[in-house]
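In what follows, a single structure is set out as structure tokens and then discussed.
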Amino acid sequence: MGIMERVKKYPLIFLIFFSLVNYLTGANFYHESPSQVYQGENIRLELKELSYTETIVPPTLFYRMTGEFDFHSLPLKSEGFVYYVEIPAKKLRPGKIQYYFAMQTPTGNVITYPEGAPFTRLYELEVLANNNNQNSKLRKIDINLLAPEENEILNPDELFFAFSIPLDIENPKELNFRITIDGIDHSSQLIREGHVISYTPRAIRSGLHQVSFKVYNAEGILVGQRQFRFRVSDMPSTHKAFSYKGSFFVDNRMQTVAQNDINYTRGGIRLNLNYKKFELETRLLMNSNESSDRQPLNIYSARLKYELSYKYFFYVWGGDVFPDYDPLVLQGRRIRGFSVGLFSKYFDFDYTQGQSARAIEGTTFTDDPSKILRYGTYKQDFRSIRPRFNFGSHFSWGLNLVNGKDNSQSIRLGGNPKEYLVLGTTLDLNFHDRRIIVHGSAQASIKNEDATGEVEFDSLANSLNLSDSDRKLARQIVDIFTKPGFLTLTPGLAPLPSLALQLDAQLRYFNNNLLFSYKQIDGNYKTPGNPFLLKDLAGLFINDYIRFLNNRFFLNVFFNLYETNRSQGKAKTRNKDIGATLSLTPQSNLPSFSLSYINYDRKNDVPETDSLLIPEDNITQSIGLSSSLNFTTGIIRNTVSVSANHFIRDDVFKTTQSQYNLLTVGIRNQFSFPLTSRFSYSKTTTDFGEGTAKTSTDIKRYTLGVEYLLQNFILDSQLRPFVRATFQTINNSAVDKEYKRQNFTTGFYLRTSKLGTLSLRYDYINYGNYRDYKDTIFSARYEVFF
């Protein structure tokens, strides 16, 4: 069995090695995973495009903490040929994060990085417990109510809330705040000014209201809260002035990558206008790489809302819209068209119509125009509708329909035009102040893989060998959905639906966050509203996150029992995952610890001699230990971290036997003057295969970085210059050669309270003895809020 065949079987635990191999072998994208981060710090991930890749939508990051099965998603932002995303610190806890990137090609195929994600391979990084200033982080914060007074009666034009936190809190920016009025969250409209937090609502109905204001630390732990009541009088409002807020940015990127020069510019503006009960939200994003021969990069949208009350509203949304129904149906998909909808006490509604893909003509060979070089992309017409009925504040029931159809007349050189229809229902329950949350979704998908020509129903039924009962059901489905134009009776129609089911139950009691989830998604299930949905699986997933000892001791345990590749016969794989992560964050003068153990069990009935399918009969075990310590030497505050991870795969098929070890050491120094330095060292050793086919890889990486903060550089501005250097060495026994790579980065951030933020960054990449050229990237960005 050759190396490439074994590579396809490579387990998820050897991701760092394969990310480097992808880079060295000229993959279209390159990603270098950070080895470790500290709890409370945002994680920035970058995906670099090394050559042109035509995609329908920008890449999406999918990430989860170890033990979770469902992935959280974040869209990547674009800076030229570098995509980036930041995972918010408040969503992270000590332990490992697994993640991958996904994007969709014009032909509808989904590309993932690393290849094989999310079932066979994932990127990983470790979040270290950080007990820096632990006493201040865990202490209860007293909240002072500045305005209004408790039980005060306010006129409609006097609505203003203000809170303050103690001045001895050194860095209030590390805290997160949440304000709710009668249970409705308005946190996104809070204004921070140092230790004072304020909120000015536009309109609240008359009568008695309950306000809850909560403070969370960087780990998401509640450290303070204040509740009070107030009353709004029946006096009519005389306030007629309108308000506005917005932001503007522009960035430019000049780079020489793989001896290709690229100059890229992007700019955008957001503007929100408010007048009485009307609110207009606008967004414009312009990109110099916009072209008719690729999917849209520019974004423009406007949403007009009319408030029926401070809680309910009617809206009209045009341009690029992003409706969100349910992960099994419609989530994260940009539609160029319009949406109209309503949120009310008893009934919610959304209708969306537009295009989910732009028409792009195919190309032919220059010497023979009769032969197609690349098939084009059809314009995909999209429409969706969702009514939802609300029975009080604890129960809602929704219905949905999502339809996507390729327009066969939009291009000449295309493959088979396709059609998809999804019908289903959702149910949401919550009780006891949302300590009990239940969500259910049941969906049925009908697809047409070739919507050309016409066919009689009996001919279609005979070609599919439908039984009498299935034929009767198929006849009903065809009659119902072909008449309004959702589907057409053509040779590629599969009239019997594929199903997707999901039931989640979350319980939050006694410092526990316990989640039960059951999924069953057929392999043929497909929705035009979520191209990245994981399919062909079924199973039970249990995850519990427990806090002890005044939030100093954390335990995460999980158990997953599920099947993948369920429709692929002997390739159906039985999976059992068991694991636990224990984290301890004691007093700030003591080290924090994190210990993890995971066992992955995979098995199917594919023989080793099969050249098409991947045999699985293996157990992969992962053991990790990490620690960090904060201490002071003279005037320097230091944080030292050490992590060691050992992975071993015991495989019946010895050609895929493997083990992997990772050691990482890092130190961060914060001086009494505003200088911070960072140093990290990591070493990985990998053994793959057995006997004469065994290969070994050693990777060493050193990173050194320094940044300085100049307060009041010009008036009230902050200047933060930085420099960072990374040195990497790779030895692989298969190629018997050592590769070296260096990356140098420098730049600065200049922030002002009124004039905005300016940032400059320069990257120099030297490939040493692997490539005979150097890459340079210069980027500049200006952003201002008003």
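Scheme for the structure tokens: letters A, B, ... for chains in order shown; per-chain residue numbers from 1; ligand numbers from 1 in order shown.
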Margin query: Give me the residues near Pro495 of chain A as a ChimeraX atom specification, where near means some atom within 12 Å (using only C-alpha atoms) and where sequence neighbours in that chain fewer than 2 positions away do not count.
Written below: /A:419-421,444-449,457,460-461,464,466,470-482,487-493,497-498,524
Please produce an output containing N, CA and C atoms for each residue in the selection, written as an mmCIF file, in the first residue's frame.
data_model
loop_
_atom_site.group_PDB
_atom_site.id
_atom_site.type_symbol
_atom_site.label_atom_id
_atom_site.label_comp_id
_atom_site.auth_asym_id
_atom_site.auth_seq_id
_atom_site.Cartn_x
_atom_site.Cartn_y
_atom_site.Cartn_z
ATOM 1 N N GLU A 419 -32.365 20.564 -8.438
ATOM 2 C CA GLU A 419 -33.444 21.154 -7.648
ATOM 3 C C GLU A 419 -33.468 20.480 -6.280
ATOM 4 N N TYR A 420 -33.760 21.294 -5.253
ATOM 5 C CA TYR A 420 -33.839 20.752 -3.896
ATOM 6 C C TYR A 420 -35.022 21.378 -3.174
ATOM 7 N N LEU A 421 -35.707 20.564 -2.391
ATOM 8 C CA LEU A 421 -36.836 21.031 -1.607
ATOM 9 C C LEU A 421 -36.750 20.415 -0.216
ATOM 10 N N ALA A 444 -37.632 16.866 5.953
ATOM 11 C CA ALA A 444 -37.662 15.930 4.827
ATOM 12 C C ALA A 444 -37.139 16.642 3.585
ATOM 13 N N SER A 445 -36.242 15.988 2.869
ATOM 14 C CA SER A 445 -35.590 16.585 1.706
ATOM 15 C C SER A 445 -35.911 15.768 0.460
ATOM 16 N N ILE A 446 -36.255 16.462 -0.623
ATOM 17 C CA ILE A 446 -36.473 15.840 -1.929
ATOM 18 C C ILE A 446 -35.519 16.507 -2.912
ATOM 19 N N LYS A 447 -34.811 15.706 -3.693
ATOM 20 C CA LYS A 447 -33.829 16.281 -4.609
ATOM 21 C C LYS A 447 -34.045 15.792 -6.021
ATOM 22 N N ASN A 448 -33.585 16.621 -6.943
ATOM 23 C CA ASN A 448 -33.626 16.300 -8.362
ATOM 24 C C ASN A 448 -32.233 16.582 -8.919
ATOM 25 N N GLU A 449 -31.491 15.537 -9.260
ATOM 26 C CA GLU A 449 -30.100 15.688 -9.684
ATOM 27 C C GLU A 449 -29.965 15.952 -11.181
ATOM 28 N N PHE A 457 -44.641 10.088 -15.120
ATOM 29 C CA PHE A 457 -44.457 9.585 -13.755
ATOM 30 C C PHE A 457 -44.272 8.072 -13.742
ATOM 31 N N LEU A 460 -40.791 7.143 -14.589
ATOM 32 C CA LEU A 460 -39.885 7.448 -13.480
ATOM 33 C C LEU A 460 -40.025 6.412 -12.372
ATOM 34 N N ALA A 461 -41.266 6.076 -12.012
ATOM 35 C CA ALA A 461 -41.498 5.101 -10.943
ATOM 36 C C ALA A 461 -40.930 3.733 -11.315
ATOM 37 N N LEU A 464 -37.180 3.587 -10.935
ATOM 38 C CA LEU A 464 -36.753 3.569 -9.530
ATOM 39 C C LEU A 464 -37.202 2.298 -8.814
ATOM 40 N N LEU A 466 -40.137 1.340 -7.691
ATOM 41 C CA LEU A 466 -40.931 1.678 -6.510
ATOM 42 C C LEU A 466 -42.000 0.617 -6.274
ATOM 43 N N ASP A 470 -44.902 2.836 -2.110
ATOM 44 C CA ASP A 470 -44.000 3.949 -2.403
ATOM 45 C C ASP A 470 -44.450 4.711 -3.644
ATOM 46 N N ARG A 471 -44.976 3.996 -4.616
ATOM 47 C CA ARG A 471 -45.460 4.641 -5.836
ATOM 48 C C ARG A 471 -46.629 5.584 -5.516
ATOM 49 N N LYS A 472 -47.510 5.152 -4.617
ATOM 50 C CA LYS A 472 -48.653 5.980 -4.250
ATOM 51 C C LYS A 472 -48.187 7.246 -3.531
ATOM 52 N N LEU A 473 -47.245 7.086 -2.589
ATOM 53 C CA LEU A 473 -46.711 8.248 -1.882
ATOM 54 C C LEU A 473 -45.979 9.179 -2.837
ATOM 55 N N ALA A 474 -45.178 8.615 -3.749
ATOM 56 C CA ALA A 474 -44.436 9.436 -4.701
ATOM 57 C C ALA A 474 -45.378 10.210 -5.613
ATOM 58 N N ARG A 475 -46.464 9.574 -6.009
ATOM 59 C CA ARG A 475 -47.451 10.245 -6.862
ATOM 60 C C ARG A 475 -48.041 11.463 -6.165
ATOM 61 N N GLN A 476 -48.350 11.325 -4.870
ATOM 62 C CA GLN A 476 -48.898 12.441 -4.102
ATOM 63 C C GLN A 476 -47.877 13.577 -3.987
ATOM 64 N N ILE A 477 -46.628 13.216 -3.720
ATOM 65 C CA ILE A 477 -45.581 14.241 -3.584
ATOM 66 C C ILE A 477 -45.384 14.983 -4.899
ATOM 67 N N VAL A 478 -45.333 14.251 -6.003
ATOM 68 C CA VAL A 478 -45.142 14.889 -7.314
ATOM 69 C C VAL A 478 -46.301 15.818 -7.633
ATOM 70 N N ASP A 479 -47.533 15.391 -7.367
ATOM 71 C CA ASP A 479 -48.701 16.230 -7.663
ATOM 72 C C ASP A 479 -48.707 17.501 -6.836
ATOM 73 N N ILE A 480 -48.309 17.392 -5.570
ATOM 74 C CA ILE A 480 -48.368 18.552 -4.674
ATOM 75 C C ILE A 480 -47.302 19.582 -5.024
ATOM 76 N N PHE A 481 -46.075 19.130 -5.327
ATOM 77 C CA PHE A 481 -44.956 20.076 -5.400
ATOM 78 C C PHE A 481 -44.539 20.434 -6.822
ATOM 79 N N THR A 482 -45.047 19.738 -7.835
ATOM 80 C CA THR A 482 -44.739 20.166 -9.204
ATOM 81 C C THR A 482 -45.691 21.257 -9.678
ATOM 82 N N LEU A 487 -40.730 21.678 -7.778
ATOM 83 C CA LEU A 487 -39.995 20.594 -8.415
ATOM 84 C C LEU A 487 -40.528 20.402 -9.826
ATOM 85 N N THR A 488 -39.751 19.731 -10.672
ATOM 86 C CA THR A 488 -40.202 19.386 -12.018
ATOM 87 C C THR A 488 -40.083 17.881 -12.205
ATOM 88 N N LEU A 489 -40.957 17.317 -12.997
ATOM 89 C CA LEU A 489 -40.977 15.884 -13.256
ATOM 90 C C LEU A 489 -39.992 15.580 -14.381
ATOM 91 N N THR A 490 -38.759 15.302 -13.993
ATOM 92 C CA THR A 490 -37.667 15.057 -14.937
ATOM 93 C C THR A 490 -36.920 13.793 -14.516
ATOM 94 N N PRO A 491 -36.001 13.284 -15.354
ATOM 95 C CA PRO A 491 -35.373 11.985 -15.071
ATOM 96 C C PRO A 491 -34.592 11.930 -13.761
ATOM 97 N N GLY A 492 -34.086 13.061 -13.272
ATOM 98 C CA GLY A 492 -33.266 13.026 -12.061
ATOM 99 C C GLY A 492 -34.033 13.146 -10.770
ATOM 100 N N LEU A 493 -35.359 13.191 -10.814
ATOM 101 C CA LEU A 493 -36.165 13.394 -9.609
ATOM 102 C C LEU A 493 -36.192 12.117 -8.758
ATOM 103 N N PRO A 497 -38.777 11.159 0.059
ATOM 104 C CA PRO A 497 -37.930 12.068 0.837
ATOM 105 C C PRO A 497 -36.864 11.346 1.654
ATOM 106 N N SER A 498 -35.755 12.052 1.866
ATOM 107 C CA SER A 498 -34.739 11.666 2.844
ATOM 108 C C SER A 498 -34.976 12.495 4.101
ATOM 109 N N ASN A 524 -28.649 10.866 1.725
ATOM 110 C CA ASN A 524 -29.177 11.574 0.558
ATOM 111 C C ASN A 524 -29.879 12.871 0.920
#
Give one line per residue of segment 388-458 of chain A that approaches segment 530-550 of chain A to at most 12 Å, naming the two atoms of the closest pair and their distance in Å to one decimal, counting only C-alpha atoms; sort by chain then ascending residue number and deliver it as JSON lines.
{"residue": "A:Val402", "atom": "CA", "partner": "A:Asn530", "partner_atom": "CA", "distance": 10.5}
{"residue": "A:Asn403", "atom": "CA", "partner": "A:Asn530", "partner_atom": "CA", "distance": 11.8}
{"residue": "A:Gly404", "atom": "CA", "partner": "A:Asn530", "partner_atom": "CA", "distance": 11.2}
{"residue": "A:Tyr420", "atom": "CA", "partner": "A:Pro531", "partner_atom": "CA", "distance": 11.6}
{"residue": "A:Val422", "atom": "CA", "partner": "A:Asn530", "partner_atom": "CA", "distance": 11.1}
Item checked: Spatial neighbours of Ser408 of chain A, max dist 7 Å, only C-alpha atoms, sep filter under 3 positions, as a list in words ->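 Here the qualifying residues turn out to be Tyr378, Ile411 and Pro417 of chain A.
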Next item on the list: Just list the residues in segment 461-553 of chain A DSSP gives strand (DSSP E) on the backbone, as a PyMOL selection string.
Entry: chain A and resi 493-507+512-521+537-548+553
Margin query: Considering only C-alpha atoms, can you say which of A:Ser463, A:Ser627, A:Asn589, A:Asn151 comes closest to Ile667 of chain A?
Written below: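 Checking each of A:Ser463, A:Ser627, A:Asn589, A:Asn151 against Ile667 of chain A, counting only C-alpha atoms, the winner is A:Ser627.
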Item checked: Nearby residues (only C-alpha atoms) at most 6 Å from Thr664 of chain A, same-chain spacing under 3 positions excluded, as a PyMOL selection string -> chain A and resi 642-643+681-682
Next item on the list: Would you return as an MDAnalysis selection string the members of segment 448-686 of chain A that DSSP assigns to helix (DSSP H, G or I) on this structure's backbone?
Entry: chainID A and resid 457:463 468:482 569:571 654:656
Gly398 of chain A environment, 12 Å, only C-alpha atoms, sequence neighbours closer than 6 positions dropped, as a CSV table (one decimal) with all heavy atoms, in the first residue's frame:
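Result went into around11.csv, see below:
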chain,number,residue,atom,x,y,z
A,325,TYR,N,-32.9,29.9,10.0
A,325,TYR,CA,-34.0,29.1,10.4
A,325,TYR,C,-33.6,28.0,11.5
A,325,TYR,O,-34.0,28.1,12.6
A,325,TYR,CB,-34.7,28.4,9.3
A,325,TYR,CG,-35.5,29.3,8.3
A,325,TYR,CD1,-35.5,30.7,8.5
A,325,TYR,CD2,-36.2,28.8,7.2
A,325,TYR,CE1,-36.2,31.5,7.6
A,325,TYR,CE2,-36.9,29.6,6.4
A,325,TYR,CZ,-36.9,30.9,6.6
A,325,TYR,OH,-37.6,31.8,5.7
A,326,ASP,N,-32.8,27.1,11.0
A,326,ASP,CA,-32.4,25.9,11.8
A,326,ASP,C,-31.2,25.3,11.1
A,326,ASP,O,-31.1,25.3,9.9
A,326,ASP,CB,-33.6,24.9,11.9
A,326,ASP,CG,-33.2,23.7,12.8
A,326,ASP,OD1,-33.5,23.8,14.0
A,326,ASP,OD2,-32.8,22.7,12.2
A,346,TYR,N,-47.5,36.4,19.4
A,346,TYR,CA,-48.1,35.1,19.1
A,346,TYR,C,-47.7,34.4,17.8
A,346,TYR,O,-47.9,33.2,17.6
A,346,TYR,CB,-49.6,35.2,19.1
A,346,TYR,CG,-50.2,35.8,20.4
A,346,TYR,CD1,-50.7,37.1,20.4
A,346,TYR,CD2,-50.2,35.0,21.5
A,346,TYR,CE1,-51.2,37.6,21.6
A,346,TYR,CE2,-50.8,35.5,22.7
A,346,TYR,CZ,-51.3,36.8,22.7
A,346,TYR,OH,-51.8,37.3,23.9
A,347,PHE,N,-47.0,35.2,16.9
A,347,PHE,CA,-46.7,34.7,15.6
A,347,PHE,C,-45.5,35.4,15.0
A,347,PHE,O,-45.4,36.6,15.1
A,347,PHE,CB,-48.0,34.9,14.7
A,347,PHE,CG,-47.8,34.4,13.3
A,347,PHE,CD1,-47.8,33.1,13.0
A,347,PHE,CD2,-47.7,35.3,12.2
A,347,PHE,CE1,-47.6,32.6,11.7
A,347,PHE,CE2,-47.5,34.8,10.9
A,347,PHE,CZ,-47.5,33.5,10.7
A,348,ASP,N,-44.6,34.5,14.5
A,348,ASP,CA,-43.4,35.0,13.7
A,348,ASP,C,-43.5,34.5,12.3
A,348,ASP,O,-44.1,33.5,12.0
A,348,ASP,CB,-42.1,34.5,14.4
A,348,ASP,CG,-42.0,35.0,15.8
A,348,ASP,OD1,-42.6,36.0,16.2
A,348,ASP,OD2,-41.2,34.3,16.6
A,349,PHE,N,-42.9,35.3,11.4
A,349,PHE,CA,-43.0,34.9,10.0
A,349,PHE,C,-41.8,35.4,9.2
A,349,PHE,O,-41.3,36.5,9.5
A,349,PHE,CB,-44.3,35.5,9.4
A,349,PHE,CG,-44.4,35.3,7.9
A,349,PHE,CD1,-44.9,34.0,7.5
A,349,PHE,CD2,-44.1,36.2,7.0
A,349,PHE,CE1,-45.1,33.8,6.1
A,349,PHE,CE2,-44.2,36.0,5.6
A,349,PHE,CZ,-44.7,34.8,5.2
A,350,ASP,N,-41.3,34.6,8.3
A,350,ASP,CA,-40.3,35.1,7.4
A,350,ASP,C,-40.5,34.5,6.0
A,350,ASP,O,-40.8,33.3,5.8
A,350,ASP,CB,-38.9,34.7,7.9
A,350,ASP,CG,-37.8,35.1,6.9
A,350,ASP,OD1,-37.3,36.2,7.0
A,350,ASP,OD2,-37.4,34.3,6.0
A,385,ILE,N,-39.8,30.0,3.3
A,385,ILE,CA,-40.9,30.5,4.1
A,385,ILE,C,-40.9,29.8,5.5
A,385,ILE,O,-40.7,28.6,5.5
A,385,ILE,CB,-42.2,30.4,3.4
A,385,ILE,CG1,-43.3,31.1,4.2
A,385,ILE,CG2,-42.6,29.0,3.1
A,385,ILE,CD1,-44.6,31.2,3.5
A,386,ARG,N,-41.1,30.6,6.5
A,386,ARG,CA,-41.2,30.0,7.9
A,386,ARG,C,-42.2,30.7,8.7
A,386,ARG,O,-41.9,31.9,9.1
A,386,ARG,CB,-39.8,30.0,8.6
A,386,ARG,CG,-39.9,29.3,10.0
A,386,ARG,CD,-38.6,29.5,10.8
A,386,ARG,NE,-38.4,30.9,11.1
A,386,ARG,CZ,-37.5,31.3,12.0
A,386,ARG,NH1,-36.6,30.5,12.5
A,386,ARG,NH2,-37.3,32.6,12.2
A,387,PRO,N,-43.4,30.1,9.0
A,387,PRO,CA,-44.2,30.6,10.0
A,387,PRO,C,-43.9,29.9,11.3
A,387,PRO,O,-43.6,28.8,11.4
A,387,PRO,CB,-45.6,30.2,9.5
A,387,PRO,CG,-45.4,29.0,8.7
A,387,PRO,CD,-44.0,29.1,8.1
A,388,ARG,N,-44.0,30.7,12.4
A,388,ARG,CA,-43.8,30.1,13.8
A,388,ARG,C,-44.8,30.7,14.7
A,388,ARG,O,-45.1,31.9,14.8
A,388,ARG,CB,-42.4,30.5,14.2
A,388,ARG,CG,-42.0,29.8,15.6
A,388,ARG,CD,-40.5,29.9,15.9
A,388,ARG,NE,-40.1,31.3,15.9
A,388,ARG,CZ,-38.8,31.7,16.0
A,388,ARG,NH1,-37.9,30.8,16.1
A,388,ARG,NH2,-38.5,33.0,16.1
A,389,PHE,N,-45.4,29.8,15.5
A,389,PHE,CA,-46.4,30.1,16.5
A,389,PHE,C,-45.9,30.1,17.9
A,389,PHE,O,-45.2,29.1,18.3
A,389,PHE,CB,-47.6,29.1,16.3
A,389,PHE,CG,-48.2,29.0,14.9
A,389,PHE,CD1,-47.7,28.1,14.0
A,389,PHE,CD2,-49.2,29.9,14.5
A,389,PHE,CE1,-48.2,28.1,12.7
A,389,PHE,CE2,-49.7,29.8,13.3
A,389,PHE,CZ,-49.2,28.9,12.4
A,390,ASN,N,-46.1,31.1,18.6
A,390,ASN,CA,-45.6,31.3,20.0
A,390,ASN,C,-46.7,31.1,21.0
A,390,ASN,O,-47.7,31.9,20.9
A,390,ASN,CB,-44.9,32.6,20.2
A,390,ASN,CG,-43.8,32.8,19.2
A,390,ASN,OD1,-43.0,32.0,18.9
A,390,ASN,ND2,-43.7,34.0,18.6
A,391,PHE,N,-46.6,30.2,21.9
A,391,PHE,CA,-47.6,30.0,22.9
A,391,PHE,C,-47.0,30.4,24.3
A,391,PHE,O,-46.3,29.6,25.0
A,391,PHE,CB,-48.0,28.5,23.0
A,391,PHE,CG,-48.6,28.0,21.6
A,391,PHE,CD1,-47.7,27.5,20.7
A,391,PHE,CD2,-49.9,28.2,21.3
A,391,PHE,CE1,-48.2,27.0,19.5
A,391,PHE,CE2,-50.4,27.7,20.1
A,391,PHE,CZ,-49.5,27.2,19.2
A,423,LEU,N,-38.8,20.4,3.5
A,423,LEU,CA,-40.0,20.7,4.3
A,423,LEU,C,-39.8,20.1,5.7
A,423,LEU,O,-39.2,19.0,5.9
A,423,LEU,CB,-41.3,20.0,3.7
A,423,LEU,CG,-41.8,20.6,2.4
A,423,LEU,CD1,-42.6,19.5,1.7
A,423,LEU,CD2,-42.6,21.8,2.6
A,424,GLY,N,-40.3,20.9,6.7
A,424,GLY,CA,-40.1,20.3,8.1
A,424,GLY,C,-40.8,21.2,9.1
A,424,GLY,O,-41.5,22.2,8.9
A,425,THR,N,-40.5,20.8,10.4
A,425,THR,CA,-41.0,21.5,11.5
A,425,THR,C,-40.0,21.5,12.6
A,425,THR,O,-39.1,20.7,12.7
A,425,THR,CB,-42.3,20.8,12.0
A,425,THR,OG1,-42.9,21.5,13.1
A,425,THR,CG2,-42.0,19.3,12.5
A,426,THR,N,-40.1,22.6,13.5
A,426,THR,CA,-39.3,22.7,14.7
A,426,THR,C,-40.1,23.0,15.9
A,426,THR,O,-41.2,23.5,15.8
A,426,THR,CB,-38.3,23.9,14.5
A,426,THR,OG1,-39.0,25.1,14.3
A,426,THR,CG2,-37.4,23.7,13.3
A,427,LEU,N,-39.5,22.6,17.0
A,427,LEU,CA,-40.2,22.8,18.3
A,427,LEU,C,-39.2,23.2,19.3
A,427,LEU,O,-38.1,22.7,19.5
A,427,LEU,CB,-40.8,21.4,18.8
A,427,LEU,CG,-41.6,21.4,20.1
A,427,LEU,CD1,-42.9,22.2,20.0
A,427,LEU,CD2,-41.9,20.0,20.5
A,428,ASP,N,-39.5,24.3,20.1
A,428,ASP,CA,-38.7,24.9,21.1
A,428,ASP,C,-39.4,25.0,22.4
A,428,ASP,O,-40.5,25.6,22.4
A,428,ASP,CB,-38.1,26.2,20.7
A,428,ASP,CG,-37.1,26.1,19.5
A,428,ASP,OD1,-35.9,25.7,19.8
A,428,ASP,OD2,-37.5,26.3,18.3
A,429,LEU,N,-38.8,24.5,23.5
A,429,LEU,CA,-39.4,24.6,24.8
A,429,LEU,C,-38.3,25.2,25.8
A,429,LEU,O,-37.1,24.8,25.6
A,429,LEU,CB,-39.8,23.3,25.4
A,429,LEU,CG,-40.9,22.5,24.5
A,429,LEU,CD1,-41.0,21.1,25.0
A,429,LEU,CD2,-42.2,23.2,24.5
A,439,HIS,N,-34.9,21.5,22.2
A,439,HIS,CA,-35.1,21.9,20.7
A,439,HIS,C,-35.2,20.7,19.9
A,439,HIS,O,-34.4,19.7,20.0
A,439,HIS,CB,-33.9,22.7,20.2
A,439,HIS,CG,-33.9,23.0,18.8
A,439,HIS,ND1,-34.8,23.9,18.2
A,439,HIS,CD2,-33.2,22.4,17.8
A,439,HIS,CE1,-34.6,23.8,16.9
A,439,HIS,NE2,-33.6,23.0,16.6
A,440,GLY,N,-36.2,20.6,19.1
A,440,GLY,CA,-36.4,19.5,18.2
A,440,GLY,C,-36.6,20.0,16.7
A,440,GLY,O,-37.2,21.0,16.5
A,441,SER,N,-36.1,19.2,15.8
A,441,SER,CA,-36.2,19.6,14.4
A,441,SER,C,-36.4,18.3,13.6
A,441,SER,O,-35.6,17.3,13.8
A,441,SER,CB,-35.0,20.3,13.9
A,441,SER,OG,-35.1,20.6,12.5
A,442,ALA,N,-37.4,18.2,12.7
A,442,ALA,CA,-37.7,17.1,11.8
A,442,ALA,C,-37.9,17.6,10.4
A,442,ALA,O,-38.7,18.4,10.2
A,442,ALA,CB,-38.9,16.3,12.3
A,443,GLN,N,-37.0,17.2,9.5
A,443,GLN,CA,-37.0,17.7,8.1
A,443,GLN,C,-37.0,16.6,7.1
A,443,GLN,O,-36.5,15.5,7.3
A,443,GLN,CB,-35.8,18.6,7.9
A,443,GLN,CG,-35.6,19.6,9.0
A,443,GLN,CD,-36.6,20.7,9.0
A,443,GLN,OE1,-37.2,21.0,7.9
A,443,GLN,NE2,-36.9,21.3,10.1
Next item on the list: Excluding Gly183 of chain A and any residue of its chain fewer than 5 positions from it, enumerate the residues within 10 Å of it, using only C-alpha atoms, and give them as number ranges by chain.
Entry: A: 209-212, 311, 393, 433
Next item on the list: Report the distance between atom CA of Gly485 of chain A and atom CA of Val340 of chain A in Å, rounded to one decimal place.
Entry: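 Value for the atom CA of Gly485 of chain A-atom CA of Val340 of chain A distance: 21.1 Å.
For the pair atom CA of Lys654 of chain A and atom CA of Thr697 of chain A, the interatomic distance is 17.9 Å.
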Notebook entry, point to check: Which residue, A:Asp687, A:Glu68, A:Glu149, A:Asp605, has the smallest gap to Ser733 of chain A when you use only C-alpha atoms?
Noted result: A:Asp687
Next item on the list: Compile the contact shell of Ile87 of chain A as number ranges by chain: residues with an atom at most 7 Å away, counting only C-alpha atoms, same-chain residues fewer than 2 positions apart removed.
Entry: A: 42-44, 85, 89
